[in-house]
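Visitor: Next comes the structure file run-v6.pdb, holding PDB, C-alpha atoms.
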ATOM      1  CA  MET G 516    -167.125  68.393 131.946
ATOM      2  CA  CYS G 517    -169.172  70.888 133.782
ATOM      3  CA  SER G 518    -172.070  73.303 133.412
ATOM      4  CA  ILE G 519    -173.811  76.063 135.290
ATOM      5  CA  SER G 520    -177.133  75.580 136.992
ATOM      6  CA  PHE G 521    -178.255  76.331 140.578
ATOM      7  CA  PHE G 522    -178.972  79.914 141.472
ATOM      8  CA  ILE G 523    -175.682  80.965 139.952
ATOM      9  CA  CYS G 524    -175.074  83.528 137.257
ATOM     10  CA  CYS G 525    -175.438  80.996 134.515
ATOM     11  CA  GLU G 526    -173.015  81.430 131.627
ATOM     12  CA  SER G 527    -174.212  78.563 129.521
ATOM     13  CA  ASN G 528    -172.303  76.813 126.818
ATOM     14  CA  SER G 529    -174.877  78.099 124.365
ATOM     15  CA  SER G 530    -173.024  81.406 124.628
ATOM     16  CA  LYS G 531    -169.784  79.787 123.563
ATOM     17  CA  VAL G 532    -168.115  81.154 120.510
ATOM     18  CA  SER G 533    -167.043  79.027 117.604
ATOM     19  CA  ALA G 534    -164.562  76.249 118.324
ATOM     20  CA  SER G 535    -162.103  77.837 115.927
ATOM     21  CA  SER G 536    -161.098  80.256 118.688
ATOM     22  CA  SER G 537    -158.745  77.634 120.090
ATOM     23  CA  ALA G 538    -158.429  75.123 117.272
ATOM     24  CA  ALA G 539    -154.881  73.846 117.110
ATOM     25  CA  GLN G 540    -152.620  74.874 114.264
ATOM     26  CA  PRO G 541    -150.308  72.261 112.731
ATOM     27  CA  GLY G 542    -147.377  71.623 115.059
ATOM     28  CA  ALA G 543    -148.911  73.603 117.944
ATOM     29  CA  GLN G 544    -149.478  72.025 121.351
ATOM     30  CA  TYR G 545    -152.629  73.277 123.071
ATOM     31  CA  TYR G 546    -154.302  71.696 126.084
ATOM     32  CA  PHE G 547    -156.836  72.159 128.862
ATOM     33  CA  ASP G 548    -156.232  69.688 131.705
ATOM     34  CA  VAL G 549    -158.579  69.559 134.692
ATOM     35  CA  SER G 550    -158.628  67.699 138.001
ATOM     36  CA  VAL G 551    -161.936  67.566 139.899
ATOM     37  CA  ASP G 552    -161.649  65.967 143.340
ATOM     38  CA  GLY G 553    -158.581  64.112 142.075
ATOM     39  CA  LYS G 554    -160.265  62.846 138.876
ATOM     40  CA  GLU G 555    -158.177  63.838 135.846
ATOM     41  CA  MET G 556    -159.904  65.077 132.685
ATOM     42  CA  HIS G 557    -158.346  66.280 129.461
ATOM     43  CA  ILE G 558    -160.442  68.556 127.267
ATOM     44  CA  LYS G 559    -159.558  68.553 123.580
ATOM     45  CA  PRO G 560    -158.394  71.877 122.092
ATOM     46  CA  GLU G 561    -161.341  71.886 119.669
ATOM     47  CA  ASP G 562    -163.681  71.839 122.708
ATOM     48  CA  VAL G 563    -162.168  75.018 124.177
ATOM     49  CA  THR G 564    -163.366  78.475 123.167
ATOM     50  CA  ALA G 565    -162.795  81.952 124.509
ATOM     51  CA  SER G 566    -164.398  85.360 124.328
ATOM     52  CA  TYR G 567    -163.051  88.769 125.236
ATOM     53  CA  ARG G 568    -164.672  92.132 125.696
ATOM     54  CA  GLN G 569    -163.663  95.500 127.019
ATOM     55  CA  ASN G 570    -166.091  97.977 128.558
ATOM     56  CA  GLY G 571    -164.184 101.094 129.471
ATOM     57  CA  ALA G 572    -161.434 100.094 131.874
ATOM     58  CA  ILE G 573    -162.994  96.674 132.506
ATOM     59  CA  LYS G 574    -161.460  93.858 130.452
ATOM     60  CA  VAL G 575    -162.897  90.337 130.709
ATOM     61  CA  LEU G 576    -161.628  87.135 129.103
ATOM     62  CA  LYS G 577    -163.834  84.040 129.433
ATOM     63  CA  ILE G 578    -162.602  80.569 128.614
ATOM     64  CA  PHE G 579    -165.172  77.803 128.043
ATOM     65  CA  ALA G 580    -163.679  74.290 128.194
ATOM     66  CA  GLY G 581    -165.836  71.244 127.447
ATOM     67  CA  LYS G 582    -168.497  69.946 125.077
ATOM     68  CA  ASP G 583    -172.112  71.075 125.311
ATOM     69  CA  GLY G 584    -173.997  68.943 127.836
ATOM     70  CA  GLU G 585    -170.811  67.413 129.247
ATOM     71  CA  PRO G 586    -168.692  68.521 132.205
ATOM     72  CA  THR G 587    -167.378  72.005 131.475
ATOM     73  CA  VAL G 588    -165.114  74.501 133.189
ATOM     74  CA  VAL G 589    -165.658  78.230 132.658
ATOM     75  CA  LEU G 590    -162.895  80.632 133.704
ATOM     76  CA  THR G 591    -163.623  84.366 134.052
ATOM     77  CA  ILE G 592    -160.528  86.562 134.036
ATOM     78  CA  PRO G 593    -161.231  90.279 134.631
ATOM     79  CA  ALA G 594    -157.752  91.480 133.705
ATOM     80  CA  ASP G 595    -155.745  92.496 130.662
ATOM     81  CA  PRO G 596    -155.196  89.115 128.951
ATOM     82  CA  SER G 597    -152.227  90.419 126.972
ATOM     83  CA  LYS G 598    -150.012  90.012 130.034
ATOM     84  CA  PRO G 599    -149.671  87.768 133.118
ATOM     85  CA  SER G 600    -152.302  88.225 135.809
ATOM     86  CA  SER G 601    -153.800  86.694 138.921
ATOM     87  CA  THR G 602    -157.568  86.526 139.555
ATOM     88  CA  ALA G 603    -159.239  85.846 142.903
ATOM     89  CA  ASN G 604    -161.823  83.085 143.181
ATOM     90  CA  GLY G 605    -164.511  85.747 143.611
ATOM     91  CA  SER G 606    -165.488  89.109 145.006
ATOM     92  CA  ALA G 607    -168.475  90.238 147.040
ATOM     93  CA  THR G 608    -167.837  93.915 146.270
ATOM     94  CA  GLU G 609    -166.381  94.209 142.756
ATOM     95  CA  PHE G 610    -169.460  93.391 140.659
ATOM     96  CA  ASN G 611    -167.976  95.073 137.589
ATOM     97  CA  MET G 612    -165.235  92.426 137.557
ATOM     98  CA  GLU G 613    -167.873  89.743 136.752
ATOM     99  CA  ILE G 614    -166.615  87.341 139.421
ATOM    100  CA  SER G 615    -169.300  87.875 142.042
ATOM    101  CA  GLN G 616    -170.312  84.254 141.468
ATOM    102  CA  GLY G 617    -166.752  83.131 141.039
ATOM    103  CA  SER G 618    -163.922  83.120 138.552
ATOM    104  CA  VAL G 619    -164.216  79.335 138.153
ATOM    105  CA  SER G 620    -167.464  77.564 137.327
ATOM    106  CA  LEU G 621    -167.837  73.786 137.161
ATOM    107  CA  GLN G 622    -170.845  72.898 135.033
ATOM    108  CA  ASN G 623    -172.673  69.600 134.362
ATOM    109  CA  TYR G 624    -170.787  67.924 137.192
ATOM    110  CA  PRO G 625    -171.252  65.445 138.836
ATOM    111  CA  GLU G 626    -174.146  65.096 136.412
ATOM    112  CA  LYS G 627    -175.876  67.212 133.774
ATOM    113  CA  ASN G 628    -177.480  70.462 134.966
ATOM    114  CA  TYR G 629    -175.508  70.693 138.215
ATOM    115  CA  THR G 630    -173.193  73.643 138.689
ATOM    116  CA  SER G 631    -170.872  74.822 141.392
ATOM    117  CA  ASN G 632    -168.984  78.115 141.395
ATOM    118  CA  SER G 633    -165.911  79.339 143.238
ATOM    119  CA  PHE G 634    -167.754  82.123 145.051
ATOM    120  CA  ASN G 635    -171.229  82.902 146.372
ATOM    121  CA  THR G 636    -171.964  86.604 146.836
ATOM    122  CA  THR G 637    -175.311  85.873 148.481
ATOM    123  CA  TYR G 638    -173.557  83.819 151.170
ATOM    124  CA  PRO G 639    -169.928  85.012 151.086
ATOM    125  CA  GLU G 640    -169.220  83.176 154.344
ATOM    126  CA  MET G 641    -169.350  79.950 152.303
ATOM    127  CA  SER G 642    -166.267  80.941 150.306
ATOM    128  CA  VAL G 643    -162.769  81.761 151.440
ATOM    129  CA  VAL G 644    -161.310  84.419 149.129
ATOM    130  CA  THR G 645    -158.062  83.292 147.534
ATOM    131  CA  PRO G 646    -156.141  85.807 145.408
ATOM    132  CA  ASP G 647    -154.722  83.441 142.791
ATOM    133  CA  ALA G 648    -157.535  81.091 141.781
ATOM    134  CA  VAL G 649    -156.836  81.703 138.068
ATOM    135  CA  VAL G 650    -153.370  82.726 136.903
ATOM    136  CA  ILE G 651    -152.272  83.686 133.393
ATOM    137  CA  THR G 652    -148.557  82.928 133.233
ATOM    138  CA  ALA G 653    -147.963  83.917 129.592
ATOM    139  CA  SER G 654    -149.776  85.647 126.738
ATOM    140  CA  GLU G 655    -147.960  85.605 123.427
ATOM    141  CA  PRO G 656    -149.086  87.282 120.194
ATOM    142  CA  GLU G 657    -149.435  85.255 117.007
ATOM    143  CA  ALA G 658    -149.003  87.987 114.427
ATOM    144  CA  SER G 659    -152.172  90.100 114.613
ATOM    145  CA  VAL G 660    -154.610  87.179 114.364
ATOM    146  CA  ALA G 661    -154.454  85.451 117.766
ATOM    147  CA  ARG G 662    -152.845  85.162 121.181
ATOM    148  CA  ILE G 663    -151.528  82.022 122.838
ATOM    149  CA  ILE G 664    -152.574  82.117 126.501
ATOM    150  CA  THR G 665    -151.033  79.838 129.123
ATOM    151  CA  GLY G 666    -152.076  79.538 132.741
ATOM    152  CA  ASN G 667    -153.443  77.500 135.607
ATOM    153  CA  PHE G 668    -156.278  77.456 138.110
ATOM    154  CA  ASN G 669    -156.721  76.046 141.601
ATOM    155  CA  THR G 670    -159.760  76.627 143.791
ATOM    156  CA  THR G 671    -162.834  75.097 145.400
ATOM    157  CA  THR G 672    -166.312  75.363 143.922
ATOM    158  CA  TYR G 673    -169.314  75.400 146.250
ATOM    159  CA  GLY G 674    -172.814  73.959 146.071
ATOM    160  CA  SER G 675    -175.962  75.610 147.350
ATOM    161  CA  LYS G 676    -176.126  76.762 150.971
ATOM    162  CA  ASP G 677    -177.621  74.110 153.292
ATOM    163  CA  SER G 678    -178.259  71.674 150.418
ATOM    164  CA  LYS G 679    -178.811  68.069 151.493
ATOM    165  CA  ASP G 680    -178.336  66.778 147.946
ATOM    166  CA  PRO G 681    -174.944  65.007 147.761
ATOM    167  CA  LYS G 682    -174.577  66.073 144.114
ATOM    168  CA  ASP G 683    -174.943  69.722 145.108
ATOM    169  CA  SER G 684    -171.646  69.947 146.958
ATOM    170  CA  LYS G 685    -168.209  71.519 146.895
ATOM    171  CA  HIS G 686    -165.403  70.295 144.653
ATOM    172  CA  LYS G 687    -161.659  70.829 144.497
ATOM    173  CA  VAL G 688    -160.962  72.044 140.949
ATOM    174  CA  SER G 689    -157.517  72.634 139.491
ATOM    175  CA  GLY G 690    -155.763  72.465 136.173
ATOM    176  CA  LYS G 691    -153.581  74.043 133.556
ATOM    177  CA  PHE G 692    -154.154  75.279 130.044
ATOM    178  CA  LYS G 693    -152.557  76.589 126.895
ATOM    179  CA  ILE G 694    -155.106  77.888 124.403
ATOM    180  CA  ARG G 695    -155.126  79.764 121.113
ATOM    181  CA  HIS G 696    -157.564  82.688 121.149
ATOM    182  CA  VAL G 697    -158.318  83.827 117.607
ATOM    183  CA  PHE G 698    -159.366  87.421 117.077
ATOM    184  CA  SER G 699    -162.712  87.498 115.276
ATOM    185  CA  SER G 700    -166.017  89.313 115.506
ATOM    186  CA  PHE G 701    -167.486  86.224 117.220
ATOM    187  CA  ASN G 702    -164.819  86.206 119.918
ATOM    188  CA  GLY G 703    -165.143  89.876 120.860
ATOM    189  CA  ASP G 704    -162.674  92.704 121.050
ATOM    190  CA  LYS G 705    -159.021  92.434 120.087
ATOM    191  CA  PHE G 706    -156.312  92.657 122.743
TER     192      PHE G 706
END
I'd like the structure from this file rewritten - as C-alpha cells, please.
Guide:
Amino acid sequence: MCSISFFICCESNSSKVSASSSAAQPGAQYYFDVSVDGKEMHIKPEDVTASYRQNGAIKVLKIFAGKDGEPTVVLTIPADPSKPSSTANGSATEFNMEISQGSVSLQNYPEKNYTSNSFNTTYPEMSVVTPDAVVITASEPEASVARIITGNFNTTTYGSKDSKDPKDSKHKVSGKFKIRHVFSSFNGDKF
C-alpha cells in the first residue's frame, strides 16, 4: 500500500526478506489490516515480511506489509519482540532506536513513490510525540522456528515541510496485525 520516498530514511521494499517469514501455516489465521484516512486495506499474509536484528542492547524488529510498488506500511519496533511493548511514533534524540524518521512509514501512497513517516527529526515541530504508536500485545513462540506476533498501530504520518503538493501530505494511519515471523538467516537474529 505504501512506500518510502521524500527526504526520509528510505527503507525500501527491496530490502524485504522472503515472504516465507509470515506465510500462513494450515489452520493459522494471520492478518495485517490497515486504515489510511478511513480507507480500509487488507494485506495478505504472504505480502508481509519481517526482519530482526540485535546490536548490543539495541533490538529492532521491522515489519514490511504490502507488495512491491503498491501501498506499503513499514513498522519499526526498537524493543524486545519476544514480549509486549509500546513504541513511540518517533524520537528526535534516540537515533540508536532507528525511529528518528518514525516508527510507522506509509509508502507508495497516495501514489507510487510518495512516502510519509510518523516523525520528522529535521522538523520535530511537525510531529507530536505519542508514546504508543505501535504496540505489540502478544508474542508467542512456535517451537524454536518462529514467533507469532500480534499488535496494533495508530498514528499520523507527515509529508514534507511546507509542501504545496496535495499528495505530499499527512495521513491518519491505523491498523492491527497478527504475523508469523520465521527464524532464518534471511530474517536476521533469533529472539
Visitor: Which of these residues is nearest to Ala565 of chain G, using only C-alpha atoms: G:Lys691, G:Lys598, G:Lys705, G:Lys676?
Guide: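 Looking only at the distances to Ala565 of chain G, the closest residue turns out to be G:Lys705.
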Visitor: Residues at most 6 Å from segment 614-619 of chain G, counting all atoms listed in the file, excluding those fewer than 3 positions away in the same chain, as an MDAnalysis selection string?
Guide: chainID G and resid 589:591 604:607 610 632:636
Visitor: Mind writing the picked residues with C-alpha atoms as a compact mmCIF listing (two decimals), in the coordinates of the input?
Guide:
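selection_27.txt written:
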# COMPACT_ATOMS: atom_id res chain seq x y z
CA VAL G 589 -165.66 78.23 132.66
CA LEU G 590 -162.90 80.63 133.70
CA THR G 591 -163.62 84.37 134.05
CA ASN G 604 -161.82 83.08 143.18
CA GLY G 605 -164.51 85.75 143.61
CA SER G 606 -165.49 89.11 145.01
CA ALA G 607 -168.48 90.24 147.04
CA PHE G 610 -169.46 93.39 140.66
CA ASN G 632 -168.98 78.11 141.40
CA SER G 633 -165.91 79.34 143.24
CA PHE G 634 -167.75 82.12 145.05
CA ASN G 635 -171.23 82.90 146.37
CA THR G 636 -171.96 86.60 146.84
Visitor: Once the PyMOL selection byres ((chain G and resi 593) around 6) has been evaluated on this model, what residues remain selected, and can you format them as a PDB file with C-alpha atoms, keeping the file's coordinate frame?
Guide:
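File written: out.pdb
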ATOM      1  CA  LYS G 574    -161.460  93.858 130.452  1.00  0.00           C
ATOM      2  CA  VAL G 575    -162.897  90.337 130.709  1.00  0.00           C
ATOM      3  CA  ILE G 592    -160.528  86.562 134.036  1.00  0.00           C
ATOM      4  CA  ALA G 594    -157.752  91.480 133.705  1.00  0.00           C
ATOM      5  CA  MET G 612    -165.235  92.426 137.557  1.00  0.00           C
TER       6      MET G 612
END
Visitor: Which of these, G:Val644, G:Val697, G:Ile573, G:Ala653, has the shortest distance to Thr671 of chain G once you count all atoms listed in the file?
Guide: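 When distances to Thr671 of chain G are compared using all atoms listed in the file, the smallest one comes from G:Val644.
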Visitor: Mind pulling up the distance from atom CA of Gly666 of chain G to atom CA of Tyr624 of chain G?
Guide: 22.5 Å
Visitor: Compile the contact shell of Ala661 of chain G as a list of chain:residue names: residues with an atom at most 7 Å away, counting all atoms listed in the file, same-chain residues fewer than 2 positions apart removed.
Guide: G:Pro656, G:Glu657, G:Ala658, G:Ser659, G:Ile663, G:Arg695, G:His696, G:Val697, G:Phe698
Visitor: Skipping near chain neighbours, those fewer than 6 positions away, what residues fall within 10 Å of Pro599 of chain G using all atoms listed in the file, listed as a PyMOL selection string?
Guide: chain G and resi 650-654+664-666
Visitor: So which one's closest to Phe547 of chain G, G:Val649, G:Ala572, G:Val643, G:Val588? Using only C-alpha atoms, please.
Guide: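 Of all the options, G:Val588 lies closest to Phe547 of chain G.
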Visitor: Quick one, how far is atom CA of Gln544 of chain G from atom CA of Ile578 of chain G?
Guide: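 We find that atom CA of Gln544 of chain G and atom CA of Ile578 of chain G lie 17.3 Å from each other.
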Visitor: Nearest to Glu655 of chain G: which of G:Val549, G:Leu576, G:Ala603, G:Ile694 is it, counting all atoms listed in the file?
Guide: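 Under the stated criterion, the closest residue is G:Ile694.
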Visitor: At what distance in Å, to one decimal, does atom CA of Asp548 of chain G lie from atom CA of Asp704 of chain G?
Guide: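 These two atoms are separated by 26.2 Å.
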Visitor: So, counting all atoms listed in the file, which residue among G:Ser600, G:Ser675, G:Thr587, G:Asn669 is closest to Tyr638 of chain G?
Guide: G:Ser675
Visitor: Measuring between all atoms listed in the file, which one of G:Pro639, G:Pro625, G:Gly553, G:Pro681 shows the shortest distance to Gly584 of chain G?
Guide: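 For Gly584 of chain G, the nearest of the candidates is G:Pro625.
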Visitor: Check which residues satisfy the PyMOL selection byres ((chain G and resi 551) around 6) in the file shown, then give them as a ChimeraX atom specification.
Guide: /G:550,552-554,687-688
Visitor: Using the chain letters and numbering of this document, enumerate as a PyMOL selection string the residues selected by the PyMOL selection byres ((chain G and resi 682) around 12).
Guide: chain G and resi 521+622-631+673-675+678-681+683-686
Visitor: Export, as a PDB file, in the frame of the given file, the selected residues with C-alpha atoms.
Guide:
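The resulting part_25.pdb:
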ATOM      1  CA  PHE G 521    -178.255  76.331 140.578  1.00  0.00           C
ATOM      2  CA  GLN G 622    -170.845  72.898 135.033  1.00  0.00           C
ATOM      3  CA  ASN G 623    -172.673  69.600 134.362  1.00  0.00           C
ATOM      4  CA  TYR G 624    -170.787  67.924 137.192  1.00  0.00           C
ATOM      5  CA  PRO G 625    -171.252  65.445 138.836  1.00  0.00           C
ATOM      6  CA  GLU G 626    -174.146  65.096 136.412  1.00  0.00           C
ATOM      7  CA  LYS G 627    -175.876  67.212 133.774  1.00  0.00           C
ATOM      8  CA  ASN G 628    -177.480  70.462 134.966  1.00  0.00           C
ATOM      9  CA  TYR G 629    -175.508  70.693 138.215  1.00  0.00           C
ATOM     10  CA  THR G 630    -173.193  73.643 138.689  1.00  0.00           C
ATOM     11  CA  SER G 631    -170.872  74.822 141.392  1.00  0.00           C
ATOM     12  CA  TYR G 673    -169.314  75.400 146.250  1.00  0.00           C
ATOM     13  CA  GLY G 674    -172.814  73.959 146.071  1.00  0.00           C
ATOM     14  CA  SER G 675    -175.962  75.610 147.350  1.00  0.00           C
ATOM     15  CA  SER G 678    -178.259  71.674 150.418  1.00  0.00           C
ATOM     16  CA  LYS G 679    -178.811  68.069 151.493  1.00  0.00           C
ATOM     17  CA  ASP G 680    -178.336  66.778 147.946  1.00  0.00           C
ATOM     18  CA  PRO G 681    -174.944  65.007 147.761  1.00  0.00           C
ATOM     19  CA  ASP G 683    -174.943  69.722 145.108  1.00  0.00           C
ATOM     20  CA  SER G 684    -171.646  69.947 146.958  1.00  0.00           C
ATOM     21  CA  LYS G 685    -168.209  71.519 146.895  1.00  0.00           C
ATOM     22  CA  HIS G 686    -165.403  70.295 144.653  1.00  0.00           C
TER      23      HIS G 686
END
